[in-house]
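S.K.: PDB, C-alpha atoms, file model.pdb:
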```pdb
ATOM      1  CA  MET A   3      -0.096  -2.481 -13.283
ATOM      2  CA  HIS A   4       2.790  -0.301 -12.175
ATOM      3  CA  GLU A   5       5.550  -2.238 -13.866
ATOM      4  CA  LEU A   6       6.989   0.759 -15.697
ATOM      5  CA  THR A   7       7.854   2.510 -12.406
ATOM      6  CA  VAL A   8       9.169  -0.739 -11.045
ATOM      7  CA  THR A   9      11.293  -1.438 -14.103
ATOM      8  CA  GLU A  10      12.763   2.071 -14.003
ATOM      9  CA  SER A  11      13.711   1.429 -10.393
ATOM     10  CA  ILE A  12      15.384  -1.864 -11.311
ATOM     11  CA  LEU A  13      17.402  -0.146 -14.035
ATOM     12  CA  GLU A  14      18.440   2.670 -11.718
ATOM     13  CA  ILE A  15      19.651   0.283  -9.010
ATOM     14  CA  ALA A  16      21.522  -1.922 -11.496
ATOM     15  CA  LEU A  17      23.240   1.030 -13.196
ATOM     16  CA  ARG A  18      24.313   2.475  -9.844
ATOM     17  CA  HIS A  19      25.910  -0.787  -8.720
ATOM     18  CA  ALA A  20      27.576  -1.285 -12.096
ATOM     19  CA  ARG A  21      29.005   2.224 -11.987
ATOM     20  CA  GLU A  22      30.437   1.657  -8.513
ATOM     21  CA  GLN A  23      32.298  -1.373  -9.915
ATOM     22  CA  ASN A  24      33.393   0.478 -13.072
ATOM     23  CA  ALA A  25      31.666  -2.169 -15.170
ATOM     24  CA  ARG A  26      31.503  -1.758 -18.934
ATOM     25  CA  ARG A  27      28.297  -3.664 -19.448
ATOM     26  CA  ILE A  28      25.526  -5.351 -17.515
ATOM     27  CA  THR A  29      24.700  -8.767 -18.962
ATOM     28  CA  GLY A  30      22.274 -10.211 -16.428
ATOM     29  CA  LEU A  31      19.978  -9.260 -13.544
ATOM     30  CA  TYR A  32      18.704 -11.598 -10.833
ATOM     31  CA  LEU A  33      15.317 -10.585  -9.448
ATOM     32  CA  VAL A  34      13.525 -12.191  -6.528
ATOM     33  CA  ILE A  35       9.741 -11.754  -6.538
ATOM     34  CA  GLY A  36       7.402 -13.059  -3.842
ATOM     35  CA  GLU A  37       3.991 -14.453  -4.775
ATOM     36  CA  TRP A  38       2.263 -11.726  -2.737
ATOM     37  CA  SER A  39       4.119  -8.854  -4.293
ATOM     38  CA  SER A  40       2.035  -7.913  -7.271
ATOM     39  CA  VAL A  41       4.534  -7.819 -10.123
ATOM     40  CA  VAL A  42       4.123  -9.443 -13.512
ATOM     41  CA  ASP A  43       7.321 -10.845 -15.064
ATOM     42  CA  ASP A  44       6.194 -10.396 -18.658
ATOM     43  CA  SER A  45       5.407  -6.721 -18.172
ATOM     44  CA  VAL A  46       8.751  -6.054 -16.517
ATOM     45  CA  GLN A  47      10.452  -7.782 -19.454
ATOM     46  CA  PHE A  48       8.406  -5.730 -21.913
ATOM     47  CA  TYR A  49       9.370  -2.401 -20.332
ATOM     48  CA  TRP A  50      12.934  -3.553 -19.770
ATOM     49  CA  ASP A  51      13.535  -4.038 -23.478
ATOM     50  CA  ILE A  52      12.400  -0.457 -24.081
ATOM     51  CA  ILE A  53      13.983   1.459 -21.229
ATOM     52  CA  SER A  54      17.351  -0.328 -21.152
ATOM     53  CA  GLU A  55      17.927   0.802 -24.747
ATOM     54  CA  GLY A  56      20.858   3.207 -24.916
ATOM     55  CA  THR A  57      22.260   2.187 -21.503
ATOM     56  CA  ILE A  58      25.072  -0.245 -20.597
ATOM     57  CA  ALA A  59      22.327  -2.675 -19.552
ATOM     58  CA  LYS A  60      20.884  -3.009 -23.051
ATOM     59  CA  GLY A  61      20.282  -6.636 -23.941
ATOM     60  CA  ALA A  62      20.869  -7.899 -20.391
ATOM     61  CA  THR A  63      18.947 -11.043 -19.479
ATOM     62  CA  LEU A  64      16.394 -10.792 -16.689
ATOM     63  CA  HIS A  65      16.348 -13.841 -14.411
ATOM     64  CA  PHE A  66      13.223 -14.098 -12.305
ATOM     65  CA  ARG A  67      13.129 -16.195  -9.156
ATOM     66  CA  ARG A  68       9.595 -16.598  -7.875
ATOM     67  CA  VAL A  69       9.104 -17.257  -4.171
ATOM     68  CA  MET A  70       5.860 -18.933  -3.121
ATOM     69  CA  ALA A  71       3.907 -17.613  -0.138
ATOM     70  CA  GLU A  72       4.437 -19.830   2.874
ATOM     71  CA  LEU A  73       3.002 -19.535   6.360
ATOM     72  CA  VAL A  74       4.150 -21.026   9.644
ATOM     73  CA  CYS A  75       1.653 -21.861  12.372
ATOM     74  CA  GLN A  76       2.899 -20.419  15.670
ATOM     75  CA  ASP A  77       0.854 -22.929  17.669
ATOM     76  CA  CYS A  78       1.832 -26.272  16.120
ATOM     77  CA  GLY A  79       4.776 -25.350  13.878
ATOM     78  CA  GLN A  80       3.126 -26.569  10.681
ATOM     79  CA  GLU A  81       4.452 -24.915   7.507
ATOM     80  CA  TYR A  82       1.945 -24.618   4.686
ATOM     81  CA  ARG A  83       0.876 -22.769   1.566
ATOM     82  CA  PRO A  84      -2.298 -20.716   1.996
ATOM     83  CA  THR A  85      -5.158 -21.262  -0.432
ATOM     84  CA  SER A  86      -7.808 -18.837  -1.627
ATOM     85  CA  GLU A  87     -10.363 -20.623   0.537
ATOM     86  CA  ASN A  88      -8.386 -21.102   3.700
ATOM     87  CA  MET A  89      -5.484 -19.323   5.293
ATOM     88  CA  ALA A  90      -5.703 -20.867   8.742
ATOM     89  CA  CYS A  91      -3.420 -23.775   9.698
ATOM     90  CA  PRO A  92      -4.602 -26.935   7.879
ATOM     91  CA  LYS A  93      -3.328 -29.126  10.745
ATOM     92  CA  CYS A  94      -4.663 -27.485  13.916
ATOM     93  CA  GLY A  95      -6.955 -24.786  12.513
ATOM     94  CA  GLY A  96      -4.979 -22.070  14.322
ATOM     95  CA  THR A  97      -4.921 -18.518  13.042
ATOM     96  CA  ASN A  98      -1.818 -17.436  14.923
ATOM     97  CA  VAL A  99       0.514 -17.631  11.937
ATOM     98  CA  LYS A 100       3.543 -15.843  10.574
ATOM     99  CA  LEU A 101       4.539 -15.259   6.974
ATOM    100  CA  LYS A 102       7.721 -17.135   6.162
ATOM    101  CA  SER A 103       8.065 -16.000   2.560
ATOM    102  CA  GLY A 104       6.105 -14.438  -0.278
ATOM    103  CA  GLU A 105       6.568 -10.673   0.039
ATOM    104  CA  GLU A 106      10.094 -10.454  -1.393
ATOM    105  CA  PHE A 107      10.833  -7.961  -4.099
ATOM    106  CA  PHE A 108      14.484  -7.185  -4.605
ATOM    107  CA  LEU A 109      17.421  -7.234  -6.972
ATOM    108  CA  GLU A 110      19.709  -9.979  -5.708
ATOM    109  CA  ALA A 111      22.707  -9.628  -8.020
ATOM    110  CA  ILE A 112      23.879  -8.479 -11.419
ATOM    111  CA  ASP A 113      26.330  -9.953 -13.921
ATOM    112  CA  VAL A 114      28.722  -7.393 -15.395
ATOM    113  CA  ASP A 115      31.566  -7.279 -17.905
ATOM    114  CA  GLU A 116      34.594  -5.464 -16.620
TER
ATOM    115  CA  MET B  24      35.508 -11.013 -17.944
ATOM    116  CA  THR B  25      32.058 -11.442 -16.495
ATOM    117  CA  LYS B  26      31.582 -11.288 -12.776
ATOM    118  CA  ARG B  27      28.594 -11.371 -10.498
ATOM    119  CA  ILE B  28      28.011  -8.467  -8.121
ATOM    120  CA  PRO B  29      25.744  -9.037  -5.130
ATOM    121  CA  VAL B  30      23.188  -6.236  -4.857
ATOM    122  CA  VAL B  31      20.352  -7.281  -2.518
ATOM    123  CA  GLU B  32      18.486  -4.010  -2.730
ATOM    124  CA  LYS B  33      14.722  -3.584  -2.479
ATOM    125  CA  ILE B  34      13.354  -2.441  -5.818
ATOM    126  CA  LEU B  35      11.202   0.239  -4.262
ATOM    127  CA  SER B  36      13.960   1.562  -1.996
ATOM    128  CA  VAL B  37      13.934   4.952  -3.732
ATOM    129  CA  ASN B  38      10.243   5.355  -3.038
ATOM    130  CA  ASP B  39      10.752   4.137   0.545
ATOM    131  CA  ARG B  40      13.421   6.795   1.085
ATOM    132  CA  LEU B  41      11.196   9.588  -0.198
ATOM    133  CA  ALA B  42       8.362   8.288   1.966
ATOM    134  CA  LEU B  43      10.583   8.731   5.019
ATOM    135  CA  GLU B  44      11.233  12.332   3.979
ATOM    136  CA  ASN B  45       7.484  12.945   3.724
ATOM    137  CA  GLN B  46       6.991  11.407   7.144
ATOM    138  CA  ALA B  47       9.659  13.676   8.623
ATOM    139  CA  ARG B  48       7.701  16.683   7.335
ATOM    140  CA  PHE B  49       4.494  15.446   8.955
ATOM    141  CA  ASP B  50       6.387  14.680  12.163
ATOM    142  CA  SER B  51       7.986  18.089  12.478
ATOM    143  CA  ALA B  52       4.620  19.771  11.936
ATOM    144  CA  GLY B  53       2.946  17.491  14.492
ATOM    145  CA  VAL B  54       0.434  16.384  11.871
ATOM    146  CA  LEU B  55      -0.886  12.821  11.855
ATOM    147  CA  ALA B  56      -1.097  11.402   8.329
ATOM    148  CA  LEU B  57      -3.367   8.571   7.168
ATOM    149  CA  ASN B  58      -3.313   6.612   3.909
ATOM    150  CA  PHE B  59      -6.868   5.586   2.916
ATOM    151  CA  MET B  60      -6.957   2.615   0.577
ATOM    152  CA  ALA B  61      -9.863   0.620  -0.840
ATOM    153  CA  SER B  62     -11.356  -0.766  -4.004
ATOM    154  CA  PRO B  63     -13.396   1.689  -6.090
ATOM    155  CA  GLY B  64     -16.774   2.358  -4.536
ATOM    156  CA  ALA B  65     -16.012   1.018  -1.062
ATOM    157  CA  GLY B  66     -16.700   4.416   0.464
ATOM    158  CA  LYS B  67     -13.356   6.154   1.019
ATOM    159  CA  THR B  68     -14.737   9.558   0.115
ATOM    160  CA  ALA B  69     -17.958   8.979   2.067
ATOM    161  CA  LEU B  70     -15.906   8.126   5.162
ATOM    162  CA  ILE B  71     -13.771  11.231   4.663
ATOM    163  CA  GLU B  72     -16.919  13.356   4.418
ATOM    164  CA  GLN B  73     -18.264  11.844   7.635
ATOM    165  CA  THR B  74     -14.901  12.359   9.311
ATOM    166  CA  VAL B  75     -14.533  15.994   8.271
ATOM    167  CA  LYS B  76     -18.068  16.818   9.382
ATOM    168  CA  GLY B  77     -17.819  14.801  12.595
ATOM    169  CA  LEU B  78     -14.564  16.384  13.739
ATOM    170  CA  GLN B  79     -15.396  19.926  12.658
ATOM    171  CA  GLY B  80     -14.167  22.447  15.217
ATOM    172  CA  GLN B  81     -11.982  19.818  16.928
ATOM    173  CA  VAL B  82      -9.507  18.658  14.282
ATOM    174  CA  ARG B  83      -8.224  20.679  11.319
ATOM    175  CA  ILE B  84      -8.150  18.301   8.374
ATOM    176  CA  GLY B  85      -6.267  18.496   5.094
ATOM    177  CA  MET B  86      -6.851  16.027   2.319
ATOM    178  CA  ILE B  87      -4.765  14.828  -0.570
ATOM    179  CA  ASN B  88      -6.793  12.990  -3.153
ATOM    180  CA  GLY B  89      -5.372  10.738  -5.801
ATOM    181  CA  ASP B  90      -7.584  10.056  -8.750
ATOM    182  CA  ILE B  91      -6.967   8.994 -12.290
ATOM    183  CA  ALA B  92      -8.690  11.939 -13.948
ATOM    184  CA  THR B  93     -11.331  13.931 -12.073
ATOM    185  CA  SER B  94     -11.426  16.139  -8.977
ATOM    186  CA  LEU B  95     -14.904  14.954  -7.906
ATOM    187  CA  ASP B  96     -13.653  13.408  -4.662
ATOM    188  CA  ALA B  97     -11.529  16.401  -3.679
ATOM    189  CA  ASP B  98     -14.546  18.628  -4.353
ATOM    190  CA  ARG B  99     -16.676  16.520  -2.005
ATOM    191  CA  ALA B 100     -14.072  16.740   0.764
ATOM    192  CA  GLN B 101     -13.728  20.489   0.243
ATOM    193  CA  ALA B 102     -17.500  20.922   0.398
ATOM    194  CA  ALA B 103     -17.487  19.055   3.724
ATOM    195  CA  GLY B 104     -14.974  21.559   5.098
ATOM    196  CA  ALA B 105     -11.499  20.136   4.497
ATOM    197  CA  THR B 106      -8.571  21.776   2.726
ATOM    198  CA  ALA B 107      -8.221  19.547  -0.314
ATOM    199  CA  ILE B 108      -5.419  19.048  -2.834
ATOM    200  CA  GLN B 109      -6.070  17.023  -5.947
ATOM    201  CA  ILE B 110      -3.452  14.851  -7.622
ATOM    202  CA  ASN B 111      -4.416  13.439 -10.992
ATOM    203  CA  THR B 112      -2.238  10.400 -11.488
ATOM    204  CA  GLY B 113      -2.844  10.416 -15.231
ATOM    205  CA  GLY B 114      -3.708   6.753 -15.381
ATOM    206  CA  ASP B 115      -1.354   5.495 -12.686
ATOM    207  CA  CYS B 116      -2.948   2.940 -10.434
ATOM    208  CA  HIS B 117      -1.569   4.218  -7.139
ATOM    209  CA  LEU B 118      -0.069   7.239  -5.417
ATOM    210  CA  ASP B 119       3.635   7.191  -4.688
ATOM    211  CA  ALA B 120       5.911   9.171  -2.405
ATOM    212  CA  VAL B 121       6.914  11.650  -5.128
ATOM    213  CA  MET B 122       3.299  12.606  -5.861
ATOM    214  CA  VAL B 123       2.661  13.150  -2.159
ATOM    215  CA  GLN B 124       5.813  15.232  -1.878
ATOM    216  CA  SER B 125       4.609  17.590  -4.594
ATOM    217  CA  ALA B 126       1.146  17.817  -3.017
ATOM    218  CA  LEU B 127       2.730  18.693   0.333
ATOM    219  CA  ALA B 128       4.293  21.761  -1.263
ATOM    220  CA  GLN B 129       0.756  23.116  -1.729
ATOM    221  CA  LEU B 130      -0.470  22.325   1.776
ATOM    222  CA  ASP B 131       0.198  24.521   4.836
ATOM    223  CA  LEU B 132       0.862  21.844   7.455
ATOM    224  CA  THR B 133       1.137  24.393  10.275
ATOM    225  CA  ALA B 134      -2.611  25.053   9.894
ATOM    226  CA  LEU B 135      -3.538  21.366  10.174
ATOM    227  CA  ASP B 136      -3.765  18.529  12.718
ATOM    228  CA  LEU B 137      -4.571  15.645  10.402
ATOM    229  CA  VAL B 138      -3.891  14.845   6.747
ATOM    230  CA  ILE B 139      -5.886  12.138   5.027
ATOM    231  CA  ILE B 140      -4.456  10.872   1.764
ATOM    232  CA  GLU B 141      -7.080   9.179  -0.355
ATOM    233  CA  ASN B 142      -5.292   6.699  -2.567
ATOM    234  CA  VAL B 143      -6.481   5.505  -5.981
ATOM    235  CA  GLY B 144      -9.267   2.931  -5.681
ATOM    236  CA  ASN B 145      -7.397  -0.360  -6.119
ATOM    237  CA  LEU B 146      -6.546  -3.272  -3.815
ATOM    238  CA  VAL B 147      -3.287  -4.236  -5.479
ATOM    239  CA  CYS B 148      -0.793  -1.490  -6.233
ATOM    240  CA  PRO B 149      -1.242   1.017  -3.393
ATOM    241  CA  ALA B 150      -0.058  -1.629  -0.921
ATOM    242  CA  GLU B 151       3.399  -1.637  -2.482
ATOM    243  CA  PHE B 152       4.119   2.080  -2.405
ATOM    244  CA  LYS B 153       4.741   3.737   0.936
ATOM    245  CA  LEU B 154       3.731   7.389   1.110
ATOM    246  CA  GLY B 155       5.168   8.475   4.456
ATOM    247  CA  THR B 156       1.894   8.270   6.395
ATOM    248  CA  HIS B 157       1.724   7.119  10.021
ATOM    249  CA  ARG B 158      -1.202   4.740   9.619
ATOM    250  CA  SER B 159      -2.773   2.897   6.709
ATOM    251  CA  VAL B 160      -6.530   2.519   6.722
ATOM    252  CA  LEU B 161      -8.283   0.002   4.492
ATOM    253  CA  VAL B 162     -11.938   0.696   3.782
ATOM    254  CA  ALA B 163     -13.691  -2.567   2.944
ATOM    255  CA  SER B 164     -17.387  -2.858   2.164
ATOM    256  CA  LEU B 165     -19.909  -5.675   2.248
ATOM    257  CA  PRO B 166     -20.958  -5.738  -1.431
ATOM    258  CA  GLU B 167     -17.342  -6.454  -2.459
ATOM    259  CA  GLY B 168     -17.677  -9.926  -0.970
ATOM    260  CA  ASP B 169     -16.182 -11.712   2.014
ATOM    261  CA  ASP B 170     -13.286 -13.287   0.106
ATOM    262  CA  LYS B 171     -11.245 -10.110  -0.343
ATOM    263  CA  PRO B 172      -8.641 -10.810   2.367
ATOM    264  CA  TYR B 173      -7.951 -14.142   0.658
ATOM    265  CA  LYS B 174      -7.632 -12.558  -2.756
ATOM    266  CA  TYR B 175      -5.605  -9.504  -1.781
ATOM    267  CA  PRO B 176      -3.394 -10.697   1.087
ATOM    268  CA  GLY B 177      -0.739  -8.069   0.375
ATOM    269  CA  MET B 178      -3.213  -5.272   1.017
ATOM    270  CA  TYR B 179      -4.759  -6.806   4.125
ATOM    271  CA  ARG B 180      -1.358  -7.578   5.659
ATOM    272  CA  GLY B 181       0.040  -4.094   5.371
ATOM    273  CA  VAL B 182      -2.639  -1.969   7.022
ATOM    274  CA  ASP B 183      -3.114  -0.707  10.596
ATOM    275  CA  VAL B 184      -6.878  -0.302  10.499
ATOM    276  CA  VAL B 185      -9.695  -2.097   8.662
ATOM    277  CA  VAL B 186     -12.969  -0.195   8.381
ATOM    278  CA  ILE B 187     -15.861  -2.389   7.298
ATOM    279  CA  ASN B 188     -18.343  -0.052   5.613
ATOM    280  CA  LYS B 189     -21.953  -0.525   4.465
ATOM    281  CA  ILE B 190     -22.908  -2.823   7.360
ATOM    282  CA  ASP B 191     -26.494  -1.673   6.840
ATOM    283  CA  LEU B 192     -26.490  -4.011   3.815
ATOM    284  CA  LEU B 193     -25.767  -7.124   5.888
ATOM    285  CA  PRO B 194     -29.348  -8.479   5.600
ATOM    286  CA  TYR B 195     -29.299  -8.096   1.810
ATOM    287  CA  VAL B 196     -25.924  -9.404   0.620
ATOM    288  CA  PRO B 197     -24.311 -12.831   1.040
ATOM    289  CA  PHE B 198     -21.466 -11.785   3.289
ATOM    290  CA  ARG B 199     -20.055 -14.178   5.901
ATOM    291  CA  MET B 200     -18.589 -11.829   8.498
ATOM    292  CA  ASP B 201     -16.830 -14.651  10.370
ATOM    293  CA  PHE B 202     -15.135 -15.920   7.176
ATOM    294  CA  PHE B 203     -14.041 -12.387   6.300
ATOM    295  CA  LYS B 204     -12.704 -11.743   9.793
ATOM    296  CA  LYS B 205     -10.883 -15.064   9.938
ATOM    297  CA  GLY B 206      -8.941 -14.020   6.845
ATOM    298  CA  ILE B 207      -8.016 -10.718   8.451
ATOM    299  CA  GLU B 208      -7.031 -12.434  11.679
ATOM    300  CA  VAL B 209      -4.549 -14.705   9.898
ATOM    301  CA  LEU B 210      -3.046 -11.959   7.775
ATOM    302  CA  ASN B 211      -2.999  -9.175  10.308
ATOM    303  CA  PRO B 212      -3.601 -10.366  13.868
ATOM    304  CA  GLY B 213      -4.941  -7.744  16.250
ATOM    305  CA  VAL B 214      -5.491  -5.103  13.565
ATOM    306  CA  THR B 215      -7.850  -2.316  14.686
ATOM    307  CA  GLN B 216     -11.324  -2.808  13.172
ATOM    308  CA  PHE B 217     -14.461  -0.732  12.846
ATOM    309  CA  GLU B 218     -17.839  -1.791  11.513
ATOM    310  CA  LEU B 219     -19.897   1.126  10.296
ATOM    311  CA  SER B 220     -22.222   2.585   7.716
ATOM    312  CA  CYS B 221     -21.438   5.966   6.197
ATOM    313  CA  ARG B 222     -25.021   6.058   4.920
ATOM    314  CA  THR B 223     -26.888   5.505   8.200
ATOM    315  CA  GLY B 224     -24.166   6.812  10.498
ATOM    316  CA  GLU B 225     -24.110   3.610  12.545
ATOM    317  CA  GLY B 226     -20.684   2.996  14.065
ATOM    318  CA  ILE B 227     -19.348   6.394  12.996
ATOM    319  CA  PRO B 228     -19.026   7.786  16.571
ATOM    320  CA  ALA B 229     -16.619   4.991  17.569
ATOM    321  CA  TRP B 230     -14.447   5.701  14.517
ATOM    322  CA  LEU B 231     -14.422   9.455  15.227
ATOM    323  CA  ALA B 232     -13.567   8.936  18.898
ATOM    324  CA  TRP B 233     -10.670   6.646  17.973
ATOM    325  CA  LEU B 234      -9.338   9.034  15.338
ATOM    326  CA  GLU B 235      -9.641  12.101  17.572
ATOM    327  CA  LYS B 236      -7.649  10.247  20.241
ATOM    328  CA  GLN B 237      -4.982   9.255  17.705
ATOM    329  CA  VAL B 238      -4.575  12.880  16.605
ATOM    330  CA  ARG B 239      -4.385  14.129  20.197
ATOM    331  CA  GLU B 240      -1.872  11.488  21.288
ATOM    332  CA  PHE B 241       0.258  12.151  18.231
ATOM    333  CA  LYS B 242       0.396  15.870  19.001
ATOM    334  CA  GLU B 243       1.426  15.160  22.592
ATOM    335  CA  SER B 244       4.114  12.637  21.665
TER
END
```
Output the structure of this file as structure tokens.
M.R.:
Amino acid sequence: MHELTVTESILEIALRHAREQNARRITGLYLVIGEWSSVVDDSVQFYWDIISEGTIAKGATLHFRRVMAELVCQDCGQEYRPTSENMACPKCGGTNVKLKSGEEFFLEAIDVDE
Amino acid sequence: MTKRIPVVEKILSVNDRLALENQARFDSAGVLALNFMASPGAGKTALIEQTVKGLQGQVRIGMINGDIATSLDADRAQAAGATAIQINTGGDCHLDAVMVQSALAQLDLTALDLVIIENVGNLVCPAEFKLGTHRSVLVASLPEGDDKPYKYPGMYRGVDVVVINKIDLLPYVPFRMDFFKKGIEVLNPGVTQFELSCRTGEGIPAWLAWLEKQVREFKES
């Protein structure tokens, strides 16, 4: 729902890094998005096509890497994916768990032409 | 020639940086700041009204209210005795650090002990945008259903306090408190919880006592 703000942020970060490297053009962006961070790929792509217009990132390909939410039980060590009905450990029933992945939301790398 | 540049930068780092600036302003004024989040209708404004009335004469409260179009909620807080600033987000689904920064320019922090920021009613987006508050408070309510922690894990993970409102409706709605609490326990072990009803006043004294203590300890720190 807030993908415009998010997409503007992505563009700003990419342009800053490209500038630091004196790049002529940005041709690709690699985004990592966790399952629990509420961002919709299609909307980002939609805004990207509009706001990258007129910048050195125009036409760059967005690569999305989705990371599934995964929990680790601190009692028995079981790693598992939570479901919408149960988030406790499916093996021992424990609720002492840590999030291993799923909240990522960052720009990993960009491809540039020098 | 094409080359790959490693970036590894959080997308919302700009917002995070501004949030830290906001927090520094609260810190230097000795004002505790809370971010109230909830779905629409859970009772954020009702809890603010109860809080302002309950702490009258003890804690000077300022309120920043984020709403898509109206100032109804800010008016209610003002009527209860708080200094209220309204931010109309113009359709945005959440407050962000920039909006709070501009609201702070209109608020005299030296005349306050506590600032409550009432976020836009929504369980998704507000969790992603830090504002620079010291504690996040999620107001949940029984009629929403007991599956909300499972559906909105991002929100339930990120908060410091869960207030369960409308407990007077427990006999009338199908709400499994143990199922709800188990979800919270997994996502946010040991999170501070209150069960209360803004309508009947049940449980409100415990909330007020906790909050008053938080404000006092923050001032002394």
S.K.: Could you please select, counting all atoms listed in the file, the residues of chain A within 7 Å of chain B and state them as a count of residues only?
M.R.: 25
S.K.: Determine the nearest neighbour of Tyr32 in chain A from the options A:Lys93, A:Arg18, A:Lys100, A:His65, counting all atoms listed in the file.
M.R.: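 When distances to Tyr32 in chain A are compared using all atoms listed in the file, the smallest one comes from A:His65.
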S.K.: To one decimal place, how far is CA of Val162 in chain B from CA of Val185 in chain B in Å?
M.R.: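 CA of Val185 in chain B lies at a distance of 6.1 Å from CA of Val162 in chain B.
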S.K.: Translate the PyMOL selection byres ((chain B and resi 189) around 10) into a concrete residue list for this structure, as a list in words.
M.R.: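 Selected by the PyMOL selection byres ((chain B and resi 189) around 10) here: Ala65, Gly66, Ala163, Ser164, Leu165, Pro166, Val186, Ile187, Asn188, Ile190, Asp191, Leu192, Leu193, Glu218, Leu219, Ser220, Cys221, Arg222, Thr223, Gly224 and Glu225 of chain B.
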S.K.: Expand the PyMOL selection byres ((chain A and resi 106) around 8) into the explicit residue set it covers here, and present it as a list in words.
M.R.: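 Selected by the PyMOL selection byres ((chain A and resi 106) around 8) in this file: Val34, Ile35, Gly36, Ser39, Val69, Ser103, Gly104, Glu105, Phe107 and Phe108 of chain A.
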S.K.: Need to verify the contact set: range 84-95 of chain B, 8 Å, all atoms listed in the file, exclusion of same-chain residues closer than 3 positions in sequence. Can you return it as a CSV table (one decimal) with C-alpha atoms, in the coordinates of the input?
M.R.:
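around.csv, written as the output of this step:
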```csv
chain,number,residue,atom,x,y,z
B,75,VAL,CA,-14.5,16.0,8.3
B,98,ASP,CA,-14.5,18.6,-4.4
B,99,ARG,CA,-16.7,16.5,-2.0
B,100,ALA,CA,-14.1,16.7,0.8
B,105,ALA,CA,-11.5,20.1,4.5
B,106,THR,CA,-8.6,21.8,2.7
B,107,ALA,CA,-8.2,19.5,-0.3
B,108,ILE,CA,-5.4,19.0,-2.8
B,109,GLN,CA,-6.1,17.0,-5.9
B,110,ILE,CA,-3.5,14.9,-7.6
B,111,ASN,CA,-4.4,13.4,-11.0
B,112,THR,CA,-2.2,10.4,-11.5
B,113,GLY,CA,-2.8,10.4,-15.2
B,114,GLY,CA,-3.7,6.8,-15.4
B,115,ASP,CA,-1.4,5.5,-12.7
B,116,CYS,CA,-2.9,2.9,-10.4
B,117,HIS,CA,-1.6,4.2,-7.1
B,118,LEU,CA,-0.1,7.2,-5.4
B,123,VAL,CA,2.7,13.2,-2.2
B,126,ALA,CA,1.1,17.8,-3.0
B,130,LEU,CA,-0.5,22.3,1.8
B,135,LEU,CA,-3.5,21.4,10.2
B,136,ASP,CA,-3.8,18.5,12.7
B,137,LEU,CA,-4.6,15.6,10.4
B,138,VAL,CA,-3.9,14.8,6.7
B,139,ILE,CA,-5.9,12.1,5.0
B,140,ILE,CA,-4.5,10.9,1.8
B,141,GLU,CA,-7.1,9.2,-0.4
B,142,ASN,CA,-5.3,6.7,-2.6
B,143,VAL,CA,-6.5,5.5,-6.0
B,144,GLY,CA,-9.3,2.9,-5.7
```
S.K.: Once the PyMOL selection byres ((chain A and resi 78) around 12) is applied to the coordinates I shared, what remains selected? I want it as a PyMOL selection string.
M.R.: chain A and resi 73-77+79-82+90-100
S.K.: How far is it from CA of Gln216 in chain B to CA of Leu154 in chain B, in Å with one decimal?
M.R.: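 CA of Leu154 in chain B lies 21.8 Å from CA of Gln216 in chain B.
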S.K.: Calculate how many Å separate CA of Pro63 in chain B from CA of Leu146 in chain B, rounding to one decimal.
M.R.: 8.8 Å
S.K.: From (30.2, -1.7, -20.2), in the file's coordinates, out to 9 Å: which residues are reached, counting all atoms listed in the file? Answer as a PyMOL selection string.
M.R.: chain A and resi 20+24-28+57-59+114-116
S.K.: Using C-alpha atoms, can you write the selected residues to a file as a short mmCIF file (atom, residue, chain, number, x, y, z; two decimals), in the frame of the given file?
M.R.:
```cif
data_model
loop_
_atom_site.label_atom_id
_atom_site.label_comp_id
_atom_site.auth_asym_id
_atom_site.auth_seq_id
_atom_site.Cartn_x
_atom_site.Cartn_y
_atom_site.Cartn_z
CA ALA A 20 27.58 -1.28 -12.10
CA ASN A 24 33.39 0.48 -13.07
CA ALA A 25 31.67 -2.17 -15.17
CA ARG A 26 31.50 -1.76 -18.93
CA ARG A 27 28.30 -3.66 -19.45
CA ILE A 28 25.53 -5.35 -17.52
CA THR A 57 22.26 2.19 -21.50
CA ILE A 58 25.07 -0.24 -20.60
CA ALA A 59 22.33 -2.68 -19.55
CA VAL A 114 28.72 -7.39 -15.40
CA ASP A 115 31.57 -7.28 -17.90
CA GLU A 116 34.59 -5.46 -16.62
#
```
S.K.: Rebuild N, CA and C atoms on range 75-81 of chain A, as an mmCIF file, in the coordinates of the input?
M.R.:
```cif
data_model
loop_
_atom_site.group_PDB
_atom_site.id
_atom_site.type_symbol
_atom_site.label_atom_id
_atom_site.label_comp_id
_atom_site.auth_asym_id
_atom_site.auth_seq_id
_atom_site.Cartn_x
_atom_site.Cartn_y
_atom_site.Cartn_z
ATOM 1 N N CYS A 75 2.572 -21.928 11.239
ATOM 2 C CA CYS A 75 1.653 -21.861 12.372
ATOM 3 C C CYS A 75 2.471 -21.705 13.654
ATOM 4 N N GLN A 76 2.135 -20.675 14.444
ATOM 5 C CA GLN A 76 2.899 -20.419 15.670
ATOM 6 C C GLN A 76 2.467 -21.351 16.804
ATOM 7 N N ASP A 77 1.331 -22.026 16.621
ATOM 8 C CA ASP A 77 0.854 -22.929 17.669
ATOM 9 C C ASP A 77 1.413 -24.341 17.516
ATOM 10 N N CYS A 78 1.389 -24.881 16.276
ATOM 11 C CA CYS A 78 1.832 -26.272 16.120
ATOM 12 C C CYS A 78 3.066 -26.406 15.232
ATOM 13 N N GLY A 79 3.532 -25.296 14.650
ATOM 14 C CA GLY A 79 4.776 -25.350 13.878
ATOM 15 C C GLY A 79 4.618 -25.786 12.431
ATOM 16 N N GLN A 80 3.385 -26.118 12.048
ATOM 17 C CA GLN A 80 3.126 -26.569 10.681
ATOM 18 C C GLN A 80 3.460 -25.469 9.659
ATOM 19 N N GLU A 81 4.210 -25.856 8.599
ATOM 20 C CA GLU A 81 4.452 -24.915 7.507
ATOM 21 C C GLU A 81 3.526 -25.281 6.356
#
```
